[in-house]
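This report concerns only the one structure given below.
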Amino acid sequence: MINKIMITNSELNINKNDILDFEKNYKLILPENYKKFLLKYNGGQVDDEKREDLETFNSLKYGELTIEYMFNNYCIIEQLLDKDYLPIGNSYGNPITLCLKAGKNYGKVIIFYFDRDEEPVVIADSLEALLGVKSMDEL
């Protein structure tokens, strides 16, 4: 397991109603582990030089690169991503997504490379694995 990731420069806190509003507006159900993450951090910068595949986490609300903005841009307007891939972060211009599609990839963290001709890559089997924790209670 990777060491626990440190997150800095989080956006303003959100609450459960903010998450419910997002889910309702986009007809999505976010995994419970991701909801806990959002309530704790609401995005932020990854402070770990060893993680070259993860630069920032998008905030649900507040700031420039919100999940709503990225979802609208990548999934609805440009249609670069299927709506089952929630853009939760960035790796130097490439979206880090959380797979919401039922099946073997549900809950996996996948990077899509828009800057080069490469297939998407699973970078973690779960949000916990990406963050370097056994459970979201360790955040």
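Residue numbering restarts at 1 for every chain of the structure tokens, chains are lettered A, B, ... in their displayed order, and ligands are numbered from 1 as they appear.
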Margin query: Excluding segment 69-86 of chain A and its own-chain neighbours fewer than 5 positions away, which residues fall within 9 Å of it when counting only C-alpha atoms? Please give them as a count of residues only.
Written below: 14
Margin query: Set the distance at 7 Å and use only C-alpha atoms: which residues neighbour Leu39 of chain A once local chain neighbours fewer than 5 positions away are removed? I'd like the list as an NGL selection string.
Written below: :A and (13-15)
Next item on the list: Find the residues near Tyr113 of chain A: any atom within 12 Å, counting only C-alpha atoms, skip ones fewer than 2 places away on the same chain, and give them as a ChimeraX atom specification.
Entry: /A:53,80-81,90-97,110-111,115-122
If you keep N, CA and C atoms, can you produce a file of those selected residues as a CSV table (one decimal), in the first residue's frame?
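Result written to result-v2.csv:
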```
chain,number,residue,atom,x,y,z
A,53,ASP,N,1.3,10.7,-10.5
A,53,ASP,CA,0.1,10.4,-11.3
A,53,ASP,C,-1.1,11.2,-10.7
A,80,LEU,N,-15.9,13.7,-23.9
A,80,LEU,CA,-14.7,13.0,-23.9
A,80,LEU,C,-14.7,11.8,-22.9
A,81,LEU,N,-15.6,11.9,-21.9
A,81,LEU,CA,-15.7,10.9,-20.9
A,81,LEU,C,-17.2,10.4,-20.9
A,90,ASN,N,-6.9,15.7,-11.0
A,90,ASN,CA,-6.2,16.0,-12.2
A,90,ASN,C,-4.7,15.5,-12.0
A,91,SER,N,-4.2,15.1,-13.2
A,91,SER,CA,-2.8,14.8,-13.2
A,91,SER,C,-2.2,15.5,-14.4
A,92,TYR,N,-1.8,16.7,-14.2
A,92,TYR,CA,-1.1,17.5,-15.2
A,92,TYR,C,-1.9,17.6,-16.5
A,93,GLY,N,-3.2,18.0,-16.3
A,93,GLY,CA,-4.1,18.2,-17.5
A,93,GLY,C,-4.9,16.9,-17.9
A,94,ASN,N,-4.7,15.8,-17.2
A,94,ASN,CA,-5.4,14.6,-17.5
A,94,ASN,C,-6.3,14.3,-16.3
A,95,PRO,N,-7.6,14.0,-16.7
A,95,PRO,CA,-8.5,13.7,-15.6
A,95,PRO,C,-8.3,12.4,-14.8
A,96,ILE,N,-8.4,12.5,-13.5
A,96,ILE,CA,-8.5,11.3,-12.7
A,96,ILE,C,-9.9,11.1,-12.4
A,97,THR,N,-10.5,9.9,-12.7
A,97,THR,CA,-11.9,9.7,-12.5
A,97,THR,C,-12.2,8.6,-11.5
A,110,ILE,N,-9.4,5.8,-12.2
A,110,ILE,CA,-8.9,5.6,-13.5
A,110,ILE,C,-8.4,7.0,-14.1
A,111,ILE,N,-7.2,7.0,-14.7
A,111,ILE,CA,-6.8,8.2,-15.4
A,111,ILE,C,-7.0,8.0,-16.9
A,115,ASP,N,-3.6,14.0,-23.3
A,115,ASP,CA,-2.4,14.6,-23.9
A,115,ASP,C,-1.5,13.7,-24.7
A,116,ARG,N,-1.9,12.4,-24.7
A,116,ARG,CA,-1.2,11.4,-25.5
A,116,ARG,C,-2.1,10.2,-25.9
A,117,ASP,N,-1.7,9.5,-26.8
A,117,ASP,CA,-2.5,8.4,-27.3
A,117,ASP,C,-2.3,7.1,-26.5
A,118,GLU,N,-2.9,7.1,-25.3
A,118,GLU,CA,-2.8,6.0,-24.4
A,118,GLU,C,-4.2,5.6,-23.9
A,119,GLU,N,-4.4,4.3,-23.7
A,119,GLU,CA,-5.6,3.9,-23.1
A,119,GLU,C,-5.7,4.3,-21.6
A,120,PRO,N,-7.0,4.5,-21.1
A,120,PRO,CA,-7.1,4.8,-19.7
A,120,PRO,C,-6.5,3.7,-18.8
A,121,VAL,N,-6.0,4.1,-17.7
A,121,VAL,CA,-5.2,3.2,-16.8
A,121,VAL,C,-5.8,3.3,-15.4
A,122,VAL,N,-6.1,2.1,-14.8
A,122,VAL,CA,-6.5,2.0,-13.4
A,122,VAL,C,-5.3,2.3,-12.5
```
Next item on the list: Quick one: pick out all alpha helix (DSSP H) residues within chain A from a backbone DSSP run and write them as a PyMOL selection string.
Entry: chain A and resi 16-26+32-40+67-71+127-131
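All residues of segment 5-96 of chain A that DSSP, run on the backbone, classes as strand (DSSP E or B) are Ile7, Thr8, Gly44, Gln45, Val46, Thr56, Phe57, Ser59, Thr66, Tyr85, Leu86, Pro87, Ile88, Gly89, Asn90, Ser91, Asn94, Pro95 and Ile96 of chain A.
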